[in-house]
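The next block is structure-v4.txt, given as compact mmCIF, N, CA and C atoms.
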```txt
# COMPACT_ATOMS: atom_id res chain seq x y z
N MET N 993 189.80 -50.66 30.71
CA MET N 993 191.23 -50.67 30.95
C MET N 993 191.57 -51.92 31.76
N GLU N 994 192.56 -52.61 31.32
CA GLU N 994 193.04 -53.82 31.98
C GLU N 994 193.73 -53.43 33.28
N GLU N 995 193.36 -54.09 34.36
CA GLU N 995 193.94 -53.79 35.66
C GLU N 995 195.20 -54.62 35.88
N GLU N 996 196.28 -53.96 36.16
CA GLU N 996 197.52 -54.62 36.52
C GLU N 996 198.12 -53.83 37.67
N THR N 997 198.44 -54.50 38.73
CA THR N 997 199.03 -53.81 39.86
C THR N 997 200.37 -54.43 40.20
N THR N 998 201.31 -53.58 40.44
CA THR N 998 202.60 -54.03 40.91
C THR N 998 203.02 -53.09 42.03
N GLN N 999 203.64 -53.64 43.04
CA GLN N 999 204.11 -52.83 44.15
C GLN N 999 205.61 -52.97 44.25
N SER N 1000 206.24 -51.87 44.58
CA SER N 1000 207.68 -51.87 44.71
C SER N 1000 208.06 -51.26 46.05
N ALA N 1001 209.08 -51.82 46.67
CA ALA N 1001 209.55 -51.30 47.94
C ALA N 1001 210.39 -50.05 47.73
N LEU N 1002 210.88 -49.83 46.52
CA LEU N 1002 211.71 -48.68 46.22
C LEU N 1002 210.99 -47.72 45.31
N SER N 1003 211.27 -46.43 45.46
CA SER N 1003 210.73 -45.43 44.54
C SER N 1003 211.89 -44.64 43.97
N VAL N 1004 211.69 -44.09 42.78
CA VAL N 1004 212.74 -43.33 42.11
C VAL N 1004 212.79 -41.93 42.71
N ALA N 1005 213.95 -41.52 43.16
CA ALA N 1005 214.13 -40.17 43.71
C ALA N 1005 214.78 -39.24 42.69
N ALA N 1006 215.62 -39.79 41.84
CA ALA N 1006 216.31 -39.00 40.82
C ALA N 1006 216.91 -39.94 39.79
N ASN N 1007 217.30 -39.39 38.67
CA ASN N 1007 217.99 -40.19 37.67
C ASN N 1007 219.14 -39.37 37.11
N ILE N 1008 220.15 -40.06 36.68
CA ILE N 1008 221.32 -39.42 36.12
C ILE N 1008 221.61 -40.08 34.78
N GLY N 1009 221.58 -39.29 33.73
CA GLY N 1009 221.94 -39.79 32.42
C GLY N 1009 220.79 -40.45 31.68
N PHE N 1010 221.11 -40.90 30.49
CA PHE N 1010 220.13 -41.52 29.61
C PHE N 1010 220.85 -42.55 28.75
N ASN N 1011 220.25 -43.73 28.64
CA ASN N 1011 220.82 -44.78 27.81
C ASN N 1011 219.66 -45.51 27.15
N SER N 1012 219.66 -45.61 25.84
CA SER N 1012 218.56 -46.26 25.14
C SER N 1012 219.07 -46.90 23.86
N TYR N 1013 218.50 -48.05 23.52
CA TYR N 1013 218.81 -48.69 22.25
C TYR N 1013 217.85 -48.23 21.16
N SER N 1014 216.81 -47.53 21.55
CA SER N 1014 215.79 -47.07 20.59
C SER N 1014 215.84 -45.55 20.46
N GLY N 1015 215.73 -45.07 19.24
CA GLY N 1015 215.69 -43.63 19.01
C GLY N 1015 214.30 -43.05 19.18
N ASN N 1016 213.33 -43.89 19.55
CA ASN N 1016 211.94 -43.45 19.65
C ASN N 1016 211.47 -43.22 21.07
N CYS N 1017 212.37 -43.14 22.03
CA CYS N 1017 211.89 -43.01 23.41
C CYS N 1017 212.42 -41.76 24.10
N MET N 1018 212.54 -40.68 23.32
CA MET N 1018 212.92 -39.39 23.87
C MET N 1018 212.23 -38.32 23.02
N VAL N 1019 211.39 -37.49 23.65
CA VAL N 1019 210.64 -36.47 22.91
C VAL N 1019 210.58 -35.16 23.69
N VAL N 1020 210.30 -34.09 22.98
CA VAL N 1020 210.05 -32.78 23.59
C VAL N 1020 208.56 -32.50 23.46
N HIS N 1021 207.94 -32.06 24.54
CA HIS N 1021 206.51 -31.72 24.53
C HIS N 1021 206.28 -30.54 23.59
N PRO N 1022 205.13 -30.47 22.90
CA PRO N 1022 204.86 -29.37 21.97
C PRO N 1022 204.95 -27.97 22.59
N SER N 1023 204.79 -27.87 23.89
CA SER N 1023 204.91 -26.57 24.57
C SER N 1023 206.36 -26.13 24.73
N ASP N 1024 207.31 -27.03 24.45
CA ASP N 1024 208.74 -26.80 24.67
C ASP N 1024 209.08 -26.57 26.14
N MET N 1025 208.20 -26.97 27.03
CA MET N 1025 208.39 -26.79 28.47
C MET N 1025 208.73 -28.10 29.19
N HIS N 1026 208.66 -29.23 28.46
CA HIS N 1026 208.89 -30.54 29.08
C HIS N 1026 209.72 -31.40 28.14
N PHE N 1027 210.64 -32.15 28.74
CA PHE N 1027 211.46 -33.13 28.04
C PHE N 1027 211.06 -34.49 28.59
N ILE N 1028 210.76 -35.44 27.72
CA ILE N 1028 210.21 -36.74 28.13
C ILE N 1028 211.09 -37.85 27.57
N TRP N 1029 211.43 -38.81 28.44
CA TRP N 1029 212.21 -39.95 27.99
C TRP N 1029 211.88 -41.17 28.84
N ALA N 1030 212.35 -42.32 28.40
CA ALA N 1030 212.11 -43.58 29.12
C ALA N 1030 213.41 -44.08 29.74
N THR N 1031 213.27 -44.60 30.94
CA THR N 1031 214.35 -45.28 31.63
C THR N 1031 213.81 -46.64 32.05
N GLY N 1032 214.16 -47.67 31.30
CA GLY N 1032 213.59 -49.00 31.57
C GLY N 1032 212.07 -48.95 31.40
N PRO N 1033 211.31 -49.37 32.41
CA PRO N 1033 209.85 -49.38 32.31
C PRO N 1033 209.20 -48.08 32.83
N ILE N 1034 210.00 -47.05 33.07
CA ILE N 1034 209.50 -45.81 33.66
C ILE N 1034 209.65 -44.65 32.68
N ILE N 1035 208.63 -43.79 32.61
CA ILE N 1035 208.69 -42.57 31.83
C ILE N 1035 209.11 -41.44 32.76
N VAL N 1036 210.08 -40.66 32.32
CA VAL N 1036 210.56 -39.52 33.09
C VAL N 1036 210.13 -38.24 32.37
N ILE N 1037 209.54 -37.32 33.11
CA ILE N 1037 209.14 -36.02 32.56
C ILE N 1037 209.88 -34.94 33.32
N LYS N 1038 210.67 -34.18 32.59
CA LYS N 1038 211.44 -33.08 33.17
C LYS N 1038 210.80 -31.77 32.70
N SER N 1039 210.32 -30.98 33.64
CA SER N 1039 209.75 -29.67 33.35
C SER N 1039 210.81 -28.62 33.59
N ILE N 1040 210.86 -27.60 32.75
CA ILE N 1040 211.84 -26.54 32.97
C ILE N 1040 211.43 -25.64 34.13
N ASN N 1041 210.19 -25.79 34.63
CA ASN N 1041 209.68 -24.97 35.74
C ASN N 1041 209.83 -25.62 37.11
N LYS N 1042 210.16 -26.91 37.15
CA LYS N 1042 210.24 -27.63 38.43
C LYS N 1042 211.57 -28.35 38.54
N PRO N 1043 212.17 -28.33 39.72
CA PRO N 1043 213.43 -29.06 39.87
C PRO N 1043 213.25 -30.58 39.93
N GLN N 1044 212.07 -31.05 40.38
CA GLN N 1044 211.82 -32.48 40.49
C GLN N 1044 211.29 -33.04 39.17
N ASN N 1045 211.68 -34.26 38.89
CA ASN N 1045 211.13 -34.97 37.73
C ASN N 1045 209.83 -35.64 38.13
N THR N 1046 208.98 -35.89 37.13
CA THR N 1046 207.76 -36.68 37.33
C THR N 1046 208.01 -38.04 36.71
N TYR N 1047 207.58 -39.10 37.40
CA TYR N 1047 207.80 -40.47 36.94
C TYR N 1047 206.46 -41.15 36.72
N LEU N 1048 206.26 -41.71 35.53
CA LEU N 1048 205.04 -42.45 35.22
C LEU N 1048 205.37 -43.93 35.19
N LYS N 1049 204.63 -44.69 35.99
CA LYS N 1049 204.88 -46.13 36.09
C LYS N 1049 203.62 -46.88 35.67
N GLY N 1050 203.80 -47.86 34.80
CA GLY N 1050 202.68 -48.66 34.33
C GLY N 1050 203.12 -49.80 33.44
N HIS N 1051 204.34 -49.69 32.93
CA HIS N 1051 204.88 -50.75 32.07
C HIS N 1051 205.56 -51.82 32.92
N GLN N 1052 205.60 -53.02 32.36
CA GLN N 1052 206.28 -54.13 33.03
C GLN N 1052 207.56 -54.54 32.31
N ALA N 1053 207.83 -53.87 31.19
CA ALA N 1053 209.04 -54.16 30.41
C ALA N 1053 209.63 -52.84 29.93
N THR N 1054 210.79 -52.91 29.31
CA THR N 1054 211.49 -51.72 28.84
C THR N 1054 210.66 -50.97 27.79
N ILE N 1055 210.52 -49.68 27.99
CA ILE N 1055 209.80 -48.83 27.04
C ILE N 1055 210.72 -48.56 25.86
N CYS N 1056 210.20 -48.74 24.65
CA CYS N 1056 211.02 -48.54 23.46
C CYS N 1056 210.44 -47.52 22.50
N SER N 1057 209.28 -46.93 22.86
CA SER N 1057 208.68 -45.94 21.99
C SER N 1057 207.79 -44.99 22.79
N ILE N 1058 207.92 -43.69 22.51
CA ILE N 1058 207.11 -42.66 23.17
C ILE N 1058 206.65 -41.67 22.11
N ALA N 1059 205.42 -41.17 22.26
CA ALA N 1059 204.90 -40.11 21.38
C ALA N 1059 204.01 -39.18 22.19
N VAL N 1060 204.00 -37.91 21.81
CA VAL N 1060 203.13 -36.92 22.42
C VAL N 1060 202.20 -36.40 21.34
N SER N 1061 200.91 -36.25 21.68
CA SER N 1061 199.95 -35.73 20.71
C SER N 1061 200.30 -34.29 20.34
N LYS N 1062 199.88 -33.88 19.16
CA LYS N 1062 200.20 -32.53 18.66
C LYS N 1062 199.63 -31.43 19.56
N ASN N 1063 198.47 -31.71 20.19
CA ASN N 1063 197.88 -30.71 21.09
C ASN N 1063 198.49 -30.78 22.49
N GLY N 1064 199.37 -31.75 22.75
CA GLY N 1064 200.07 -31.85 24.01
C GLY N 1064 199.28 -32.45 25.15
N LYS N 1065 198.08 -32.94 24.90
CA LYS N 1065 197.23 -33.46 25.97
C LYS N 1065 197.43 -34.94 26.25
N LEU N 1066 197.99 -35.68 25.29
CA LEU N 1066 198.15 -37.12 25.44
C LEU N 1066 199.60 -37.54 25.23
N LEU N 1067 199.98 -38.56 25.96
CA LEU N 1067 201.30 -39.17 25.86
C LEU N 1067 201.07 -40.66 25.67
N ALA N 1068 201.77 -41.27 24.72
CA ALA N 1068 201.65 -42.71 24.48
C ALA N 1068 203.02 -43.35 24.64
N SER N 1069 203.02 -44.58 25.16
CA SER N 1069 204.27 -45.31 25.34
C SER N 1069 204.06 -46.78 25.01
N GLY N 1070 205.07 -47.38 24.41
CA GLY N 1070 205.02 -48.80 24.06
C GLY N 1070 206.26 -49.50 24.55
N GLU N 1071 206.14 -50.79 24.83
CA GLU N 1071 207.24 -51.53 25.43
C GLU N 1071 207.74 -52.65 24.54
N ASN N 1072 208.88 -53.21 24.95
CA ASN N 1072 209.51 -54.34 24.30
C ASN N 1072 209.46 -55.50 25.28
N GLN N 1073 208.57 -56.45 25.04
CA GLN N 1073 208.34 -57.56 25.98
C GLN N 1073 209.22 -58.76 25.67
N ALA N 1074 209.19 -59.71 26.58
CA ALA N 1074 209.92 -60.96 26.40
C ALA N 1074 209.29 -61.77 25.26
N PRO N 1075 210.05 -62.67 24.63
CA PRO N 1075 209.50 -63.48 23.54
C PRO N 1075 208.21 -64.20 23.94
N GLY N 1076 207.21 -64.10 23.07
CA GLY N 1076 205.93 -64.76 23.30
C GLY N 1076 204.95 -63.97 24.15
N GLN N 1077 205.37 -62.83 24.68
CA GLN N 1077 204.49 -62.02 25.53
C GLN N 1077 203.95 -60.83 24.74
N PRO N 1078 202.69 -60.45 24.96
CA PRO N 1078 202.15 -59.27 24.28
C PRO N 1078 202.71 -57.98 24.89
N ALA N 1079 203.00 -57.02 24.05
CA ALA N 1079 203.55 -55.74 24.49
C ALA N 1079 202.43 -54.75 24.81
N ALA N 1080 202.59 -54.01 25.88
CA ALA N 1080 201.58 -53.03 26.29
C ALA N 1080 201.82 -51.69 25.61
N LEU N 1081 200.73 -51.09 25.16
CA LEU N 1081 200.71 -49.71 24.68
C LEU N 1081 199.86 -48.95 25.69
N ILE N 1082 200.41 -47.89 26.27
CA ILE N 1082 199.69 -47.12 27.28
C ILE N 1082 199.50 -45.69 26.79
N VAL N 1083 198.29 -45.17 26.98
CA VAL N 1083 198.00 -43.76 26.70
C VAL N 1083 197.77 -43.07 28.03
N TRP N 1084 198.48 -41.96 28.24
CA TRP N 1084 198.45 -41.20 29.48
C TRP N 1084 197.86 -39.81 29.23
N SER N 1085 197.21 -39.24 30.23
CA SER N 1085 196.82 -37.84 30.20
C SER N 1085 198.04 -37.03 30.59
N PHE N 1086 198.44 -36.07 29.75
CA PHE N 1086 199.60 -35.28 30.11
C PHE N 1086 199.26 -34.25 31.20
N ASP N 1087 198.01 -33.85 31.29
CA ASP N 1087 197.60 -32.87 32.30
C ASP N 1087 197.60 -33.46 33.71
N THR N 1088 197.13 -34.71 33.84
CA THR N 1088 197.00 -35.32 35.17
C THR N 1088 198.02 -36.43 35.42
N TYR N 1089 198.74 -36.85 34.37
CA TYR N 1089 199.70 -37.96 34.43
C TYR N 1089 199.03 -39.28 34.79
N GLU N 1090 197.73 -39.39 34.54
CA GLU N 1090 197.01 -40.64 34.80
C GLU N 1090 197.01 -41.52 33.57
N MET N 1091 197.02 -42.83 33.80
CA MET N 1091 196.90 -43.79 32.72
C MET N 1091 195.44 -43.80 32.25
N LEU N 1092 195.23 -43.58 30.96
CA LEU N 1092 193.88 -43.58 30.40
C LEU N 1092 193.51 -44.93 29.81
N PHE N 1093 194.46 -45.55 29.10
CA PHE N 1093 194.21 -46.83 28.43
C PHE N 1093 195.48 -47.68 28.46
N ARG N 1094 195.27 -48.98 28.50
CA ARG N 1094 196.36 -49.93 28.29
C ARG N 1094 195.82 -51.04 27.40
N VAL N 1095 196.47 -51.26 26.28
CA VAL N 1095 196.07 -52.33 25.36
C VAL N 1095 197.29 -53.18 25.03
N ARG N 1096 197.01 -54.42 24.64
CA ARG N 1096 198.08 -55.36 24.28
C ARG N 1096 197.73 -56.00 22.94
N TYR N 1097 197.87 -55.23 21.87
CA TYR N 1097 197.55 -55.72 20.53
C TYR N 1097 198.77 -56.27 19.79
N HIS N 1098 199.96 -55.87 20.20
CA HIS N 1098 201.18 -56.27 19.48
C HIS N 1098 201.89 -57.42 20.19
N LYS N 1099 202.54 -58.25 19.39
CA LYS N 1099 203.30 -59.37 19.93
C LYS N 1099 204.74 -58.91 20.19
N GLU N 1100 205.12 -58.91 21.41
CA GLU N 1100 206.49 -58.68 21.87
C GLU N 1100 206.98 -57.23 21.86
N GLU N 1101 206.71 -56.43 20.82
CA GLU N 1101 207.29 -55.09 20.81
C GLU N 1101 206.47 -54.07 20.03
N ILE N 1102 206.66 -52.82 20.42
CA ILE N 1102 206.05 -51.69 19.73
C ILE N 1102 207.20 -50.79 19.28
N LEU N 1103 207.45 -50.79 17.99
CA LEU N 1103 208.63 -50.10 17.45
C LEU N 1103 208.46 -48.60 17.31
N ALA N 1104 207.24 -48.14 17.02
CA ALA N 1104 207.02 -46.71 16.82
C ALA N 1104 205.58 -46.34 17.14
N LEU N 1105 205.40 -45.09 17.56
CA LEU N 1105 204.08 -44.53 17.85
C LEU N 1105 204.00 -43.14 17.24
N SER N 1106 202.81 -42.77 16.75
CA SER N 1106 202.62 -41.43 16.20
C SER N 1106 201.16 -41.04 16.28
N PHE N 1107 200.89 -39.83 16.76
CA PHE N 1107 199.54 -39.30 16.79
C PHE N 1107 199.24 -38.59 15.48
N SER N 1108 197.96 -38.57 15.10
CA SER N 1108 197.54 -37.83 13.92
C SER N 1108 197.66 -36.32 14.19
N CYS N 1109 197.63 -35.53 13.14
CA CYS N 1109 197.78 -34.07 13.28
C CYS N 1109 196.69 -33.45 14.15
N ASP N 1110 195.48 -34.04 14.14
CA ASP N 1110 194.40 -33.51 14.97
C ASP N 1110 194.33 -34.16 16.35
N SER N 1111 195.29 -35.00 16.67
CA SER N 1111 195.41 -35.70 17.96
C SER N 1111 194.26 -36.67 18.25
N GLU N 1112 193.51 -37.05 17.23
CA GLU N 1112 192.36 -37.94 17.40
C GLU N 1112 192.73 -39.41 17.25
N PHE N 1113 193.82 -39.70 16.56
CA PHE N 1113 194.20 -41.08 16.29
C PHE N 1113 195.64 -41.33 16.70
N LEU N 1114 195.90 -42.59 17.06
CA LEU N 1114 197.26 -43.01 17.41
C LEU N 1114 197.62 -44.21 16.56
N LEU N 1115 198.73 -44.14 15.89
CA LEU N 1115 199.24 -45.24 15.07
C LEU N 1115 200.35 -45.94 15.84
N SER N 1116 200.30 -47.27 15.86
CA SER N 1116 201.36 -48.04 16.51
C SER N 1116 201.92 -49.05 15.50
N LEU N 1117 203.21 -49.21 15.54
CA LEU N 1117 203.91 -50.14 14.64
C LEU N 1117 204.52 -51.24 15.48
N GLY N 1118 204.09 -52.47 15.23
CA GLY N 1118 204.62 -53.63 15.95
C GLY N 1118 205.85 -54.18 15.26
N GLY N 1119 206.41 -55.22 15.84
CA GLY N 1119 207.61 -55.84 15.30
C GLY N 1119 207.32 -56.89 14.26
N GLN N 1120 208.31 -57.70 13.94
CA GLN N 1120 208.21 -58.71 12.89
C GLN N 1120 207.21 -59.82 13.22
N LYS N 1121 206.89 -60.03 14.48
CA LYS N 1121 205.96 -61.09 14.86
C LYS N 1121 204.50 -60.71 14.64
N ASP N 1122 204.23 -59.44 14.36
CA ASP N 1122 202.84 -58.99 14.16
C ASP N 1122 202.33 -59.33 12.79
```
As a first step, turn the structure in this file into structure tokens.
Amino acid sequence: MEEETTQSALSVAANIGFNSYSGNCMVVHPSDMHFIWATGPIIVIKSINKPQNTYLKGHQATICSIAVSKNGKLLASGENQAPGQPAALIVWSFDTYEMLFRVRYHKEEILALSFSCDSEFLLSLGGQKD
């Protein structure tokens, strides 16, 4: 896993509303107990059992695609980077909310993500520059 560290003086306490140019960055977990969406470079997880949201941070650019594995154990997210920069695809553990993998195979953007029916494979679709 590629190491990237960023520190911020501010942390997210809450969010209000949702605004996205991509239809691929809002999903419902297979358990129907969690609603997941992206706000800029942050993934927000809303559980119906907890009043607080969970925030996953690891992207450096706006997230434009999210997918959850069919078994509900994995979450994948892809970003839309600046021109000429490789876009990060991150796979997260849904149980621990830890980042498992980060790869940069696509140029600039990841338009769509989808897990296989057995949750063993992840398909990513890059943009026109790929």
Within chain N, find each residue whose DSSP state, derived from the backbone, is strand (DSSP E or B), and express the selection as a ChimeraX atom specification. /N:1018-1020,1026-1031,1034-1039,1046-1049,1054-1060,1066-1072,1078-1085,1091-1099,1101-1107,1114-1118
If we draw a sphere of 5 Å around (205.7, -34.1, 19.8), which residues have at least one atom in it when counting all atoms listed in the file? Please report them as a ChimeraX atom specification. /N:1020,1022,1060
State, in Å with one decimal place, the distance from atom CA of N:Leu1048 to atom CA of N:Met1091. 8.6 Å
Please, which residues in stretch 1013-1072 of chain N fall within 6 Å of stretch 1102-1106 of chain N when counting all atoms listed in the file, and what is the closest atom pair and distance in Å to one decimal for each, ordered by chain then residue number, as a Markdown table?
```
| residue | atom | partner | partner_atom | distance |
| --- | --- | --- | --- | --- |
| N:Cys1056 | C | N:Ile1102 | C | 5.6 |
| N:Ser1057 | CA | N:Leu1103 | C | 5.4 |
| N:Ile1058 | N | N:Leu1105 | N | 5.7 |
| N:Ala1059 | CA | N:Leu1105 | C | 5.2 |
| N:Gly1070 | C | N:Ile1102 | CA | 5.3 |
| N:Glu1071 | C | N:Ile1102 | N | 4.3 |
| N:Asn1072 | CA | N:Ile1102 | N | 5.0 |
```
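Every protein or nucleic acid residue with an atom no more than 10 Å from N:Cys1109, counting only C-alpha atoms and leaving out same-chain residues fewer than 4 positions away, appears here: N:Ser1061, N:Lys1062, N:Asn1063, N:Phe1113, N:Leu1114.
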